[in-house]
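As stored in entry_28.cif (mmCIF, C-alpha atoms and all ligand atoms):
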```
data_coords
loop_
_atom_site.label_atom_id
_atom_site.label_comp_id
_atom_site.auth_asym_id
_atom_site.auth_seq_id
_atom_site.Cartn_x
_atom_site.Cartn_y
_atom_site.Cartn_z
CA MET L 1 -17.82 -21.45 18.22
CA LEU L 2 -16.09 -18.29 19.49
CA GLU L 3 -18.34 -15.21 19.29
CA VAL L 4 -16.98 -11.67 19.15
CA ASP L 5 -18.29 -8.24 18.18
CA VAL L 6 -15.56 -7.44 15.67
CA VAL L 7 -13.11 -9.54 13.66
CA ILE L 8 -10.36 -7.60 11.94
CA ILE L 9 -8.35 -9.51 9.36
CA GLY L 10 -4.87 -7.96 9.08
CA ALA L 11 -2.71 -6.86 12.01
CA GLY L 12 -1.07 -4.06 10.03
CA ALA L 13 -1.27 -0.30 10.44
CA ALA L 14 -4.95 0.10 9.61
CA GLY L 15 -6.14 -3.06 11.36
CA LEU L 16 -4.38 -2.25 14.64
CA MET L 17 -5.67 1.33 14.66
CA CYS L 18 -9.23 0.12 14.03
CA ALA L 19 -8.85 -2.50 16.78
CA ILE L 20 -7.69 0.10 19.32
CA GLU L 21 -10.63 2.40 18.62
CA ALA L 22 -13.23 -0.39 18.63
CA GLY L 23 -11.72 -1.84 21.81
CA LYS L 24 -11.90 1.57 23.50
CA ARG L 25 -15.64 1.58 22.76
CA GLY L 26 -15.99 -1.64 24.71
CA ARG L 27 -16.34 -3.87 21.66
CA LYS L 28 -14.97 -7.39 21.92
CA VAL L 29 -12.31 -7.33 19.18
CA LEU L 30 -10.27 -10.16 17.67
CA VAL L 31 -7.51 -9.38 15.15
CA LEU L 32 -6.43 -12.26 12.90
CA ASP L 33 -3.27 -12.41 10.79
CA HIS L 34 -1.49 -15.19 8.97
CA ALA L 35 1.91 -13.66 9.73
CA ASN L 36 3.95 -14.59 12.78
CA ARG L 37 4.27 -10.96 13.85
CA ALA L 38 2.01 -7.89 13.85
CA GLY L 39 2.92 -4.80 11.83
CA LYS L 40 5.64 -6.35 9.67
CA LYS L 41 5.38 -3.62 7.04
CA ILE L 42 5.62 -0.93 9.69
CA LEU L 43 8.85 -2.52 10.88
CA MET L 44 10.43 -2.42 7.42
CA SER L 45 9.10 1.03 6.52
CA GLY L 46 11.07 4.23 6.12
CA GLY L 47 14.36 2.34 6.06
CA GLY L 48 13.54 0.94 9.53
CA ARG L 49 12.55 4.34 10.96
CA CYS L 50 8.94 4.48 9.71
CA ASN L 51 7.85 7.68 8.03
CA PHE L 52 4.63 7.56 10.05
CA THR L 53 2.94 10.76 8.82
CA ASN L 54 3.56 14.18 7.29
CA TYR L 55 3.07 17.72 8.59
CA THR L 56 0.96 18.49 5.49
CA VAL L 57 -1.67 15.97 4.46
CA GLU L 58 -4.13 16.80 1.70
CA ALA L 59 -6.34 14.88 -0.71
CA GLN L 60 -3.99 15.90 -3.54
CA ASN L 61 -1.30 13.68 -1.97
CA TYR L 62 -3.39 10.61 -2.86
CA LEU L 63 -4.31 8.72 -6.03
CA SER L 64 -7.77 7.21 -6.37
CA GLN L 65 -10.48 6.86 -9.01
CA ASN L 66 -12.56 8.62 -6.41
CA PRO L 67 -10.35 11.57 -5.38
CA HIS L 68 -12.82 12.98 -2.82
CA PHE L 69 -13.24 9.72 -0.92
CA CYS L 70 -10.22 10.11 1.38
CA LYS L 71 -11.10 13.66 2.50
CA SER L 72 -13.56 12.78 5.21
CA ALA L 73 -11.37 10.26 7.06
CA LEU L 74 -8.24 12.40 6.72
CA SER L 75 -10.05 15.36 8.24
CA ARG L 76 -11.55 13.38 11.13
CA TYR L 77 -8.34 11.63 12.21
CA THR L 78 -5.50 13.92 11.20
CA GLN L 79 -1.71 13.85 11.34
CA TRP L 80 -2.02 15.94 14.53
CA ASP L 81 -4.13 13.24 16.16
CA PHE L 82 -1.52 10.63 15.34
CA LEU L 83 1.22 12.95 16.61
CA ALA L 84 -0.67 13.27 19.89
CA LEU L 85 -0.50 9.48 20.20
CA ILE L 86 3.24 9.53 19.40
CA ASN L 87 3.75 12.19 22.06
CA LYS L 88 1.63 10.29 24.59
CA HIS L 89 4.04 7.36 24.16
CA LYS L 90 7.06 9.71 24.22
CA ILE L 91 8.38 8.37 20.91
CA PRO L 92 11.25 10.57 19.72
CA PHE L 93 10.84 11.69 16.11
CA HIS L 94 12.25 14.17 13.61
CA GLU L 95 11.18 16.01 10.48
CA ARG L 96 12.91 15.46 7.15
CA GLU L 97 12.36 17.41 3.94
CA HIS L 98 8.80 17.89 2.65
CA GLY L 99 7.37 17.63 6.19
CA GLN L 100 8.06 13.90 6.50
CA LEU L 101 8.09 12.63 10.10
CA PHE L 102 10.29 9.67 11.10
CA CYS L 103 11.10 7.87 14.34
CA ASN L 104 14.51 8.84 15.71
CA ASP L 105 15.28 5.32 16.85
CA SER L 106 13.27 2.57 15.22
CA ALA L 107 9.98 1.68 13.56
CA LYS L 108 9.64 -0.84 16.38
CA ASP L 109 8.54 2.10 18.56
CA ILE L 110 5.39 2.44 16.44
CA VAL L 111 4.50 -1.25 16.62
CA THR L 112 5.20 -1.32 20.38
CA MET L 113 2.92 1.71 20.79
CA LEU L 114 0.08 0.15 18.77
CA LEU L 115 0.35 -3.14 20.64
CA ALA L 116 0.36 -1.34 24.01
CA GLU L 117 -2.79 0.54 22.96
CA CYS L 118 -4.37 -2.74 21.81
CA GLU L 119 -3.62 -4.32 25.16
CA ALA L 120 -5.07 -1.37 27.05
CA ALA L 121 -8.23 -1.65 24.93
CA LYS L 122 -8.40 -5.44 25.61
CA VAL L 123 -7.97 -6.32 21.94
CA LYS L 124 -7.03 -9.93 21.27
CA ILE L 125 -4.51 -10.56 18.47
CA GLN L 126 -4.21 -14.04 17.01
CA LEU L 127 -1.24 -14.52 14.66
CA ASN L 128 -0.21 -17.53 12.52
CA THR L 129 -3.85 -17.98 11.52
CA GLN L 130 -4.94 -19.03 8.02
CA ILE L 131 -8.36 -17.76 6.98
CA GLU L 132 -10.10 -20.54 5.11
CA LYS L 133 -13.57 -19.23 4.38
CA ILE L 134 -15.93 -16.40 5.19
CA ASN L 135 -19.64 -17.10 5.33
CA THR L 136 -22.54 -14.80 5.94
CA ALA L 137 -25.18 -15.74 8.45
CA GLN L 138 -27.53 -16.73 5.64
CA ASP L 139 -24.97 -19.16 4.21
CA LEU L 140 -24.76 -21.20 7.39
CA PRO L 141 -27.68 -23.31 8.50
CA GLY L 142 -28.26 -22.97 12.22
CA PHE L 143 -26.16 -19.82 12.47
CA LYS L 144 -27.39 -17.53 15.26
CA ASN L 145 -28.32 -14.54 13.16
CA LEU L 146 -30.82 -13.53 15.83
CA GLU L 147 -28.02 -12.41 18.08
CA GLY L 148 -26.80 -9.97 15.46
CA LEU L 149 -23.94 -12.11 14.20
CA ASN L 150 -23.45 -11.42 10.51
CA PHE L 151 -20.41 -13.50 9.55
CA SER L 152 -18.60 -16.68 10.40
CA ILE L 153 -14.90 -16.91 9.71
CA MET L 154 -13.44 -20.37 9.31
CA THR L 155 -9.75 -20.55 10.15
CA ASP L 156 -7.24 -23.33 10.68
CA LYS L 157 -7.67 -22.65 14.39
CA GLY L 158 -11.46 -22.82 14.54
CA THR L 159 -14.53 -20.87 13.50
CA ILE L 160 -15.42 -17.43 14.81
CA ALA L 161 -18.77 -15.70 14.58
CA THR L 162 -18.85 -11.91 14.48
CA GLN L 163 -21.16 -8.98 14.00
CA SER L 164 -18.64 -6.77 12.16
CA LEU L 165 -15.91 -7.94 9.82
CA VAL L 166 -13.08 -5.57 8.89
CA ILE L 167 -10.79 -6.34 5.97
CA ALA L 168 -7.40 -4.72 6.61
CA THR L 169 -5.17 -7.04 4.61
CA GLY L 170 -3.38 -4.30 2.65
CA GLY L 171 -2.17 -4.50 -0.94
CA LEU L 172 0.05 -6.77 -3.00
CA SER L 173 3.44 -5.20 -2.46
CA ILE L 174 6.23 -7.27 -0.88
CA PRO L 175 4.64 -10.74 -1.12
CA LYS L 176 7.60 -12.24 0.72
CA ILE L 177 6.43 -10.66 4.00
CA GLY L 178 2.86 -11.87 3.58
CA ALA L 179 1.01 -9.59 1.14
CA THR L 180 -1.90 -11.42 -0.50
CA PRO L 181 -4.90 -10.58 -2.72
CA PHE L 182 -7.15 -11.78 0.12
CA GLY L 183 -8.95 -8.45 0.58
CA TYR L 184 -9.81 -8.21 -3.11
CA GLN L 185 -11.12 -11.78 -3.09
CA VAL L 186 -13.38 -11.04 -0.12
CA ALA L 187 -14.71 -7.96 -1.93
CA GLN L 188 -15.42 -10.05 -5.03
CA GLN L 189 -17.09 -12.76 -2.95
CA PHE L 190 -19.58 -10.13 -1.80
CA GLY L 191 -20.04 -8.59 -5.26
CA ILE L 192 -18.03 -5.47 -4.45
CA ASN L 193 -16.16 -3.98 -7.39
CA VAL L 194 -12.34 -4.17 -7.36
CA LEU L 195 -10.43 -1.79 -9.62
CA ALA L 196 -7.39 -3.04 -11.53
CA THR L 197 -4.26 -3.00 -9.39
CA ARG L 198 -0.66 -2.16 -10.25
CA ALA L 199 2.55 -1.44 -8.39
CA GLY L 200 3.10 2.14 -7.17
CA LEU L 201 6.03 3.93 -5.52
CA VAL L 202 8.28 1.51 -7.35
CA PRO L 203 11.64 1.72 -9.16
CA LEU L 204 11.47 1.89 -12.97
CA THR L 205 13.39 -0.54 -15.15
CA LEU L 206 14.98 0.36 -18.49
CA HIS L 207 15.08 -1.20 -21.95
CA ALA L 208 18.19 -3.33 -22.55
CA GLU L 209 20.15 -0.65 -24.40
CA ASP L 210 19.53 2.05 -21.77
CA LYS L 211 20.02 -0.43 -18.96
CA ASN L 212 23.49 -1.32 -20.23
CA LYS L 213 24.29 2.33 -20.81
CA PHE L 214 23.28 3.55 -17.36
CA ALA L 215 24.08 0.50 -15.17
CA PRO L 216 27.70 1.65 -14.67
CA LEU L 217 26.26 4.78 -12.96
CA SER L 218 24.69 2.56 -10.29
CA GLY L 219 24.87 4.22 -6.89
CA ILE L 220 24.90 7.81 -8.20
CA ALA L 221 22.11 10.01 -6.77
CA VAL L 222 21.28 13.45 -8.17
CA PRO L 223 18.73 16.04 -7.02
CA CYS L 224 16.33 16.36 -9.99
CA GLU L 225 12.88 17.34 -11.09
CA VAL L 226 11.08 14.41 -12.73
CA SER L 227 7.93 15.08 -14.73
CA ASN L 228 5.34 13.66 -17.06
CA GLN L 229 2.19 15.26 -18.47
CA ARG L 230 0.38 14.70 -15.17
CA LYS L 231 2.84 15.39 -12.35
CA SER L 232 6.22 16.72 -11.39
CA PHE L 233 8.37 15.85 -8.36
CA LYS L 234 11.53 17.61 -7.21
CA GLU L 235 13.60 15.05 -5.31
CA ALA L 236 16.59 12.77 -5.84
CA VAL L 237 16.99 10.25 -8.67
CA LEU L 238 19.16 7.19 -7.98
CA PHE L 239 20.78 5.12 -10.71
CA THR L 240 20.64 1.37 -10.01
CA HIS L 241 21.81 -1.82 -11.75
CA ARG L 242 18.25 -2.37 -12.99
CA GLY L 243 17.26 1.18 -13.90
CA LEU L 244 16.13 4.25 -12.01
CA SER L 245 15.04 4.66 -8.42
CA GLY L 246 15.19 7.29 -5.65
CA PRO L 247 12.27 9.31 -4.27
CA ALA L 248 11.55 11.31 -7.44
CA ILE L 249 11.29 8.11 -9.51
CA LEU L 250 9.14 6.33 -6.90
CA GLN L 251 6.77 9.31 -6.87
CA ILE L 252 6.43 9.58 -10.65
CA SER L 253 6.07 5.77 -10.97
CA SER L 254 2.59 6.03 -9.46
CA TYR L 255 1.62 8.39 -12.31
CA TRP L 256 3.50 6.50 -15.05
CA GLN L 257 1.72 4.45 -17.71
CA ALA L 258 3.51 1.73 -19.69
CA GLY L 259 4.99 3.07 -22.93
CA GLU L 260 5.33 6.65 -21.73
CA GLY L 261 8.53 8.65 -21.35
CA ILE L 262 9.55 10.74 -18.33
CA VAL L 263 11.44 14.01 -18.42
CA ILE L 264 14.28 14.48 -15.96
CA ASN L 265 15.69 17.91 -15.20
CA LEU L 266 19.12 17.13 -13.79
CA LEU L 267 19.76 20.76 -12.82
CA PRO L 268 16.38 21.98 -11.58
CA ASN L 269 17.81 24.91 -9.65
CA LEU L 270 19.97 26.37 -12.41
CA ASP L 271 19.39 28.13 -15.73
CA LEU L 272 22.15 26.29 -17.58
CA ILE L 273 21.96 28.44 -20.72
CA SER L 274 22.63 31.69 -18.80
CA PHE L 275 25.21 29.92 -16.65
CA LEU L 276 27.21 28.67 -19.66
CA LYS L 277 26.93 31.98 -21.52
CA ASN L 278 28.30 33.85 -18.48
CA LYS L 279 31.12 31.35 -18.04
CA ARG L 280 31.95 31.66 -21.74
CA LEU L 281 32.72 35.34 -21.09
CA GLN L 282 34.70 34.69 -17.91
CA LYS L 283 36.57 31.45 -18.65
CA SER L 284 36.70 31.14 -22.42
CA GLN L 285 39.58 28.62 -22.41
CA ALA L 286 37.94 26.25 -19.94
CA LYS L 287 36.51 23.04 -21.37
CA LEU L 288 32.82 22.29 -21.01
CA LYS L 289 33.60 19.11 -19.04
CA THR L 290 35.58 21.11 -16.44
CA LEU L 291 32.59 23.34 -15.83
CA LEU L 292 30.02 20.58 -15.72
CA VAL L 293 32.02 18.64 -13.17
CA GLU L 294 31.16 21.39 -10.68
CA LEU L 295 27.47 20.70 -11.30
CA LEU L 296 27.02 16.98 -11.90
CA PRO L 297 28.92 13.71 -11.42
CA LYS L 298 31.52 13.35 -14.17
CA ARG L 299 30.41 9.82 -15.10
CA LEU L 300 26.85 11.04 -15.63
CA THR L 301 27.72 13.87 -18.02
CA ALA L 302 30.15 11.55 -19.82
CA THR L 303 27.26 9.13 -20.41
CA LEU L 304 24.77 11.77 -21.52
CA LEU L 305 26.90 14.07 -23.69
CA PRO L 306 29.20 13.28 -26.65
CA GLU L 307 32.89 13.32 -25.75
CA ALA L 308 33.72 15.84 -28.48
CA LEU L 309 31.21 18.28 -26.98
CA LEU L 310 32.63 17.83 -23.48
CA GLU L 311 36.14 18.52 -24.78
CA THR L 312 35.03 21.78 -26.45
CA THR L 313 36.38 24.98 -24.90
CA LEU L 314 33.76 27.52 -23.91
CA ALA L 315 35.12 29.94 -26.51
CA ASP L 316 34.16 27.40 -29.20
CA LEU L 317 30.79 26.61 -27.66
CA SER L 318 28.20 28.16 -29.97
CA ASP L 319 24.78 29.26 -28.70
CA ALA L 320 23.30 26.27 -30.53
CA LYS L 321 25.63 23.90 -28.70
CA ILE L 322 24.82 25.54 -25.38
CA THR L 323 21.14 24.92 -26.12
CA GLN L 324 21.94 21.29 -27.00
CA VAL L 325 23.73 20.81 -23.64
CA ALA L 326 20.90 22.52 -21.75
CA MET L 327 18.24 20.42 -23.49
CA GLN L 328 20.07 17.22 -22.62
CA LEU L 329 20.58 18.11 -18.95
CA HIS L 330 17.38 20.06 -18.26
CA GLU L 331 15.06 17.87 -20.33
CA TRP L 332 16.64 14.43 -20.44
CA THR L 333 13.83 12.23 -21.71
CA ILE L 334 13.90 8.52 -21.12
CA LYS L 335 11.32 5.82 -21.78
CA PRO L 336 11.26 3.22 -18.99
CA ASN L 337 10.62 -0.38 -19.92
CA SER L 338 8.56 -1.33 -16.89
CA THR L 339 8.55 -1.22 -13.09
CA GLU L 340 10.18 -3.60 -10.62
CA GLY L 341 6.64 -4.70 -9.72
CA TYR L 342 5.17 -5.76 -6.40
CA ARG L 343 8.47 -7.34 -5.33
CA THR L 344 9.84 -3.91 -4.35
CA ALA L 345 6.82 -1.56 -4.63
CA GLU L 346 5.83 0.41 -1.55
CA VAL L 347 2.14 0.47 -2.44
CA THR L 348 -0.55 -1.04 -4.62
CA LEU L 349 -2.53 1.35 -6.78
CA GLY L 350 -6.18 0.50 -7.35
CA GLY L 351 -8.08 -2.00 -5.19
CA VAL L 352 -11.52 -2.07 -3.60
CA ASP L 353 -13.65 0.52 -5.37
CA CYS L 354 -14.36 3.41 -2.98
CA ALA L 355 -17.69 3.97 -4.73
CA ALA L 356 -18.90 0.83 -2.92
CA ILE L 357 -17.77 2.05 0.52
CA SER L 358 -19.05 4.74 2.90
CA SER L 359 -16.38 7.43 3.31
CA LYS L 360 -17.68 8.10 6.81
CA THR L 361 -17.72 4.58 8.25
CA MET L 362 -15.66 2.54 5.73
CA GLN L 363 -18.58 0.09 5.64
CA SER L 364 -19.68 -1.55 2.43
CA GLN L 365 -22.78 0.12 0.98
CA GLN L 366 -24.10 -3.31 -0.01
CA VAL L 367 -23.10 -5.65 2.82
CA ALA L 368 -24.04 -4.62 6.35
CA GLY L 369 -21.22 -5.20 8.84
CA LEU L 370 -18.45 -5.55 6.25
CA PHE L 371 -15.72 -2.87 6.39
CA PHE L 372 -12.58 -2.19 4.30
CA ILE L 373 -9.71 -0.02 5.55
CA GLY L 374 -6.14 0.92 4.61
CA GLU L 375 -4.31 0.02 1.45
CA VAL L 376 -6.79 -2.63 0.28
CA LEU L 377 -8.98 0.31 -0.77
CA ASP L 378 -8.35 2.28 -3.96
CA VAL L 379 -6.52 5.04 -2.06
CA SER L 380 -2.74 5.28 -2.49
CA GLY L 381 -0.57 8.01 -1.09
CA TRP L 382 2.59 9.69 -2.27
CA LEU L 383 5.88 8.85 -0.69
CA GLY L 384 6.24 10.80 2.54
CA GLY L 385 4.13 9.21 5.29
CA TYR L 386 0.85 9.54 3.40
CA ASN L 387 0.15 5.82 3.18
CA PHE L 388 0.44 5.32 6.91
CA GLN L 389 -1.70 8.41 7.55
CA TRP L 390 -4.37 6.85 5.31
CA ALA L 391 -4.11 3.59 7.29
CA TRP L 392 -4.45 5.46 10.63
CA SER L 393 -7.33 7.69 9.42
CA SER L 394 -9.38 4.99 7.70
CA GLY L 395 -8.74 2.54 10.56
CA TRP L 396 -9.76 5.13 13.15
CA CYS L 397 -13.00 5.94 11.29
CA ALA L 398 -14.05 2.31 10.97
CA GLY L 399 -13.17 1.83 14.65
CA GLN L 400 -15.96 4.26 15.59
CA TYR L 401 -18.64 2.21 13.80
CA VAL L 402 -17.72 -1.49 13.85
C1 LIG B 501 9.32 -1.26 1.99
C2 LIG B 501 8.16 -0.39 2.33
C3 LIG B 501 8.36 0.80 3.01
C4 LIG B 501 7.28 1.64 3.31
N1 LIG B 501 7.53 2.81 3.96
C5 LIG B 501 6.48 3.62 4.23
C6 LIG B 501 6.69 4.81 5.00
O1 LIG B 501 7.79 5.07 5.50
N2 LIG B 501 5.62 5.63 5.18
C7 LIG B 501 4.36 5.33 4.70
O2 LIG B 501 3.43 6.11 4.91
N3 LIG B 501 4.13 4.18 4.04
C8 LIG B 501 5.16 3.33 3.81
N4 LIG B 501 4.91 2.15 3.15
C9 LIG B 501 3.52 1.81 2.80
C10 LIG B 501 2.80 1.28 4.06
O3 LIG B 501 3.61 0.30 4.67
C11 LIG B 501 1.44 0.68 3.72
O4 LIG B 501 0.69 1.54 2.92
C12 LIG B 501 0.68 0.36 4.99
O5 LIG B 501 1.38 -0.59 5.75
C13 LIG B 501 -0.72 -0.16 4.68
O6 LIG B 501 -1.34 -0.50 5.87
P1 LIG B 501 -2.45 -1.63 5.89
O7 LIG B 501 -2.76 -1.85 7.35
O8 LIG B 501 -3.53 -1.31 4.96
O9 LIG B 501 -1.72 -2.95 5.33
P2 LIG B 501 -0.45 -3.71 5.90
O10 LIG B 501 0.33 -2.88 6.82
O11 LIG B 501 0.21 -4.29 4.70
O12 LIG B 501 -1.09 -4.90 6.77
C14 LIG B 501 -1.81 -5.95 6.18
C15 LIG B 501 -1.77 -7.12 7.13
O13 LIG B 501 -2.65 -8.13 6.61
C16 LIG B 501 -2.04 -9.38 6.72
N5 LIG B 501 -2.59 -10.27 5.70
C17 LIG B 501 -2.47 -10.15 4.35
N6 LIG B 501 -3.10 -11.16 3.74
C18 LIG B 501 -3.63 -11.95 4.72
C19 LIG B 501 -4.39 -13.14 4.71
N7 LIG B 501 -4.70 -13.75 3.56
N8 LIG B 501 -4.74 -13.69 5.90
C20 LIG B 501 -4.41 -13.07 7.05
N9 LIG B 501 -3.70 -11.94 7.13
C21 LIG B 501 -3.31 -11.37 5.96
C22 LIG B 501 -0.56 -9.11 6.54
O14 LIG B 501 0.22 -10.14 7.14
C23 LIG B 501 -0.42 -7.77 7.26
O15 LIG B 501 -0.09 -7.93 8.62
C24 LIG B 501 5.97 1.28 2.88
C25 LIG B 501 5.76 0.07 2.24
C26 LIG B 501 6.83 -0.77 1.97
C27 LIG B 501 6.56 -2.06 1.27
#
```
Can I see the file as structure tokens?
Ligand SMILES: Cc1cc2nc3c(=O)[nH]c(=O)nc-3n(C[C@H](O)[C@H](O)[C@H](O)COP(=O)(O)OP(=O)(O)OC[C@H]3O[C@@H](n4cnc5c(N)ncnc54)[C@H](O)[C@@H]3O)c2cc1C
Amino acid sequence: MLEVDVVIIGAGAAGLMCAIEAGKRGRKVLVLDHANRAGKKILMSGGGRCNFTNYTVEAQNYLSQNPHFCKSALSRYTQWDFLALINKHKIPFHEREHGQLFCNDSAKDIVTMLLAECEAAKVKIQLNTQIEKINTAQDLPGFKNLEGLNFSIMTDKGTIATQSLVIATGGLSIPKIGATPFGYQVAQQFGINVLATRAGLVPLTLHAEDKNKFAPLSGIAVPCEVSNQRKSFKEAVLFTHRGLSGPAILQISSYWQAGEGIVINLLPNLDLISFLKNKRLQKSQAKLKTLLVELLPKRLTATLLPEALLETTLADLSDAKITQVAMQLHEWTIKPNSTEGYRTAEVTLGGVDCAAISSKTMQSQQVAGLFFIGEVLDVSGWLGGYNFQWAWSSGWCAGQYV
């Protein structure tokens, strides 16, 4: 039986970072993954350019039942630490709006960097490996607990005994590239609470009537402010064949509960009432539709406002009608049907209950030697590089203790 100091299950962002740090400490580290390639989600992230962190990272950029949990790790391994690694490997990057940092060339640069660091730290990565069973030392007769080996991991390629076991298998989003509930099952096996999961950072679908009404707008993107009672995000909304997407919708989806409506301000940078009243004085013979076309795509206003109203000249546009137009465009309220689910979601909300985990070491409070890092935990970031920063920070912290 192969014996190592640390087994990390999951060769994703968090698992690789943890492996690098543990390897640097001289620990004998083996990373296992059922996929045929390490870091598959990194490769597909950020439209292929990986939004690897953000210039501003705060606890308020994360959702968790335990909102303070992420603070410690984020403050010990920060975005600046990850940037230092990026700079060490001379990876060209650029900033987009809201402080988001992307690779200039390709997300492959990030995976190449992590694998180079793993190699330098003598980390062994074994892909194409199915994990069949995890046993504790007590479960296995004749297991050499005396040597400090806590777990045995049975795989289709043999059994491995290890002192520390790190679960870095991520969440449920994008099952077609290998996402599984494995991490939650391991937690449950050891009596660790798992909070209900649901898709986050995910497009919203519409009820049949709205879907038919808005599907012809598919492809139109508009800068908006999207809100509900809990949060508000000022970014683009994209109309799709299935419903609504774009960064503002992905962001609010993490705060959306089934049955609720969302409010979309299609002109967040304009006071439409004052604008229309001024125009009424200046261009009284102009039709409303001619004015609105300067502000929003024609097909969108034609879908949202009655034709008779759009054909009205400004001279005939009463204050009440101006208010009606402003309400519709500043406070367009729509009730989504559902989300597109894990098939397209960027993250999984919920997961392993942080109350059962040390925020300093990422080790289970109940099971010595068992660690959880990355998205498998109940910590989910906003869109904007926050999920990778959580993977780096939590992975780094565990790497100091495994
Ligand atoms: C399309 C898309 C784009 C994204 N873009 C961004 C972005 O630009 N910026 C950002 O911050 N976040 C982004 N995210 C989120 C980010 O990718 C994840 O939050 C992050 O990868 C989580 O890291 P992790 O290491 O916890 O899990 P993962 O990176 O998902 O790694 C988990 C690993 O575990 C392996 N695994 C799973 N189950 C098993 C099993 N049963 N046996 C063995 N191995 C297993 C998987 O094969 C995988 O290699 C994006 C997500 C998606 C889906």
Please write out the residues within 6 Å of ligand LIG 501 (chain B) as a VMD selection string, counting only C-alpha atoms and all ligand atoms. chain L and resid 9 to 15 33 to 35 38 to 39 41 to 42 44 to 46 50 to 52 130 to 131 168 to 170 173 to 174 178 to 180 182 345 to 347 374 to 376 384 to 388 391
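Using all atoms listed in the file, the residues found no farther than 9 Å from Thr240 in chain L, other than those of its own chain fewer than 5 positions away, are Phe214, Ala215, Pro216, Leu217, Ser218, Gly219, Ile220 and Ser245 of chain L.
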For CA of Tyr342 in chain L and CA of Val166 in chain L, quote the distance in Å rounded to one decimal. 23.8 Å
Once you count all atoms listed in the file, what closest atom pair and distance in Å to one decimal does each residue of range 134-178 of chain L within 7 Å of range 348-369 of chain L have, with rows by chain and rising residue number, as a tab-separated table?
```
residue	atom	partner	partner_atom	distance
L:Asn150	CA	L:Gly369	CA	6.8
L:Gln163	CA	L:Gly369	CA	6.4
L:Ser164	CA	L:Gly369	CA	4.5
L:Leu165	CA	L:Gly369	CA	6.1
L:Gly171	CA	L:Thr348	CA	5.3
L:Leu172	CA	L:Thr348	CA	6.0
L:Ser173	CA	L:Thr348	CA	6.2
```
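Distances here use only C-alpha atoms; by that measure, the residue among L:Thr78, L:Leu329, L:Gly399, L:Ile153 closest to Thr129 in chain L is L:Ile153.
The space between CA of Phe93 in chain L and CA of Cys397 in chain L spans 25.0 Å.
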Quick one: residues within 8 Å of Glu260 in chain L, only C-alpha atoms counted, chain neighbours fewer than 3 positions away excluded, as a CSV table (one decimal) with C-alpha atoms, keeping the file's coordinate frame?
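Output (part12.csv):
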```
chain,number,residue,atom,x,y,z
L,256,TRP,CA,3.5,6.5,-15.0
L,257,GLN,CA,1.7,4.4,-17.7
L,335,LYS,CA,11.3,5.8,-21.8
L,336,PRO,CA,11.3,3.2,-19.0
```
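Taking CA of Thr112 in chain L and CA of Tyr184 in chain L as the two end points, the separation is 28.7 Å.
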Pick from L:Leu114, L:Val6, L:Met1, L:Asp378, whichever lies nearest to Met154 in chain L using only C-alpha atoms: L:Met1
Can you pull out every residue within 12 Å of Leu295 in chain L, counting all atoms listed in the file, but drop anything in the same chain fewer than 5 positions away, and send it as a ChimeraX atom specification? /L:222-223,266-272,275-276,288-290,300-301,329
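Using only C-alpha atoms for every distance, the candidate list L:Leu383, L:Val237, L:Ala19, L:Ala116 yields L:Leu383 as the residue closest to Thr53 in chain L.
For the set L:Glu225, L:Ile91, L:Trp390, L:Thr159, the residue with the smallest atom-to-atom gap to Lys108 in chain L is L:Ile91, counting all atoms listed in the file.
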Neighbour list for Leu83 in chain L as number ranges by chain, cut-off 12 Å, only C-alpha atoms, skip fewer than 2 positions in-chain: L: 52-55, 77-81, 85-94, 101-103, 110, 389, 392
Here is a test: counting all atoms listed in the file, which residue of L:Val4, L:Ala187, L:Ile334, L:Leu43 is nearest to Ser152 in chain L? L:Val4
Output range 257-264 of chain L with N, CA and C atoms present, as a PDB file, in the frame of the given file.
```
ATOM      1  N   GLN L 257       2.436   5.509 -16.976  1.00  0.00           N
ATOM      2  CA  GLN L 257       1.720   4.450 -17.710  1.00  0.00           C
ATOM      3  C   GLN L 257       2.717   3.793 -18.657  1.00  0.00           C
ATOM      4  N   ALA L 258       2.593   2.478 -18.813  1.00  0.00           N
ATOM      5  CA  ALA L 258       3.510   1.730 -19.690  1.00  0.00           C
ATOM      6  C   ALA L 258       3.582   2.383 -21.070  1.00  0.00           C
ATOM      7  N   GLY L 259       4.800   2.497 -21.589  1.00  0.00           N
ATOM      8  CA  GLY L 259       4.990   3.070 -22.930  1.00  0.00           C
ATOM      9  C   GLY L 259       5.305   4.547 -22.924  1.00  0.00           C
ATOM     10  N   GLU L 260       5.075   5.212 -21.784  1.00  0.00           N
ATOM     11  CA  GLU L 260       5.330   6.650 -21.730  1.00  0.00           C
ATOM     12  C   GLU L 260       6.781   6.960 -21.386  1.00  0.00           C
ATOM     13  N   GLY L 261       7.209   8.174 -21.753  1.00  0.00           N
ATOM     14  CA  GLY L 261       8.530   8.650 -21.350  1.00  0.00           C
ATOM     15  C   GLY L 261       8.405   9.522 -20.104  1.00  0.00           C
ATOM     16  N   ILE L 262       9.523   9.746 -19.421  1.00  0.00           N
ATOM     17  CA  ILE L 262       9.550  10.740 -18.330  1.00  0.00           C
ATOM     18  C   ILE L 262      10.647  11.737 -18.644  1.00  0.00           C
ATOM     19  N   VAL L 263      10.463  12.956 -18.161  1.00  0.00           N
ATOM     20  CA  VAL L 263      11.440  14.010 -18.420  1.00  0.00           C
ATOM     21  C   VAL L 263      12.167  14.317 -17.121  1.00  0.00           C
ATOM     22  N   ILE L 264      13.498  14.274 -17.178  1.00  0.00           N
ATOM     23  CA  ILE L 264      14.280  14.480 -15.960  1.00  0.00           C
ATOM     24  C   ILE L 264      15.121  15.751 -16.119  1.00  0.00           C
TER      25      ILE L 264
END
```
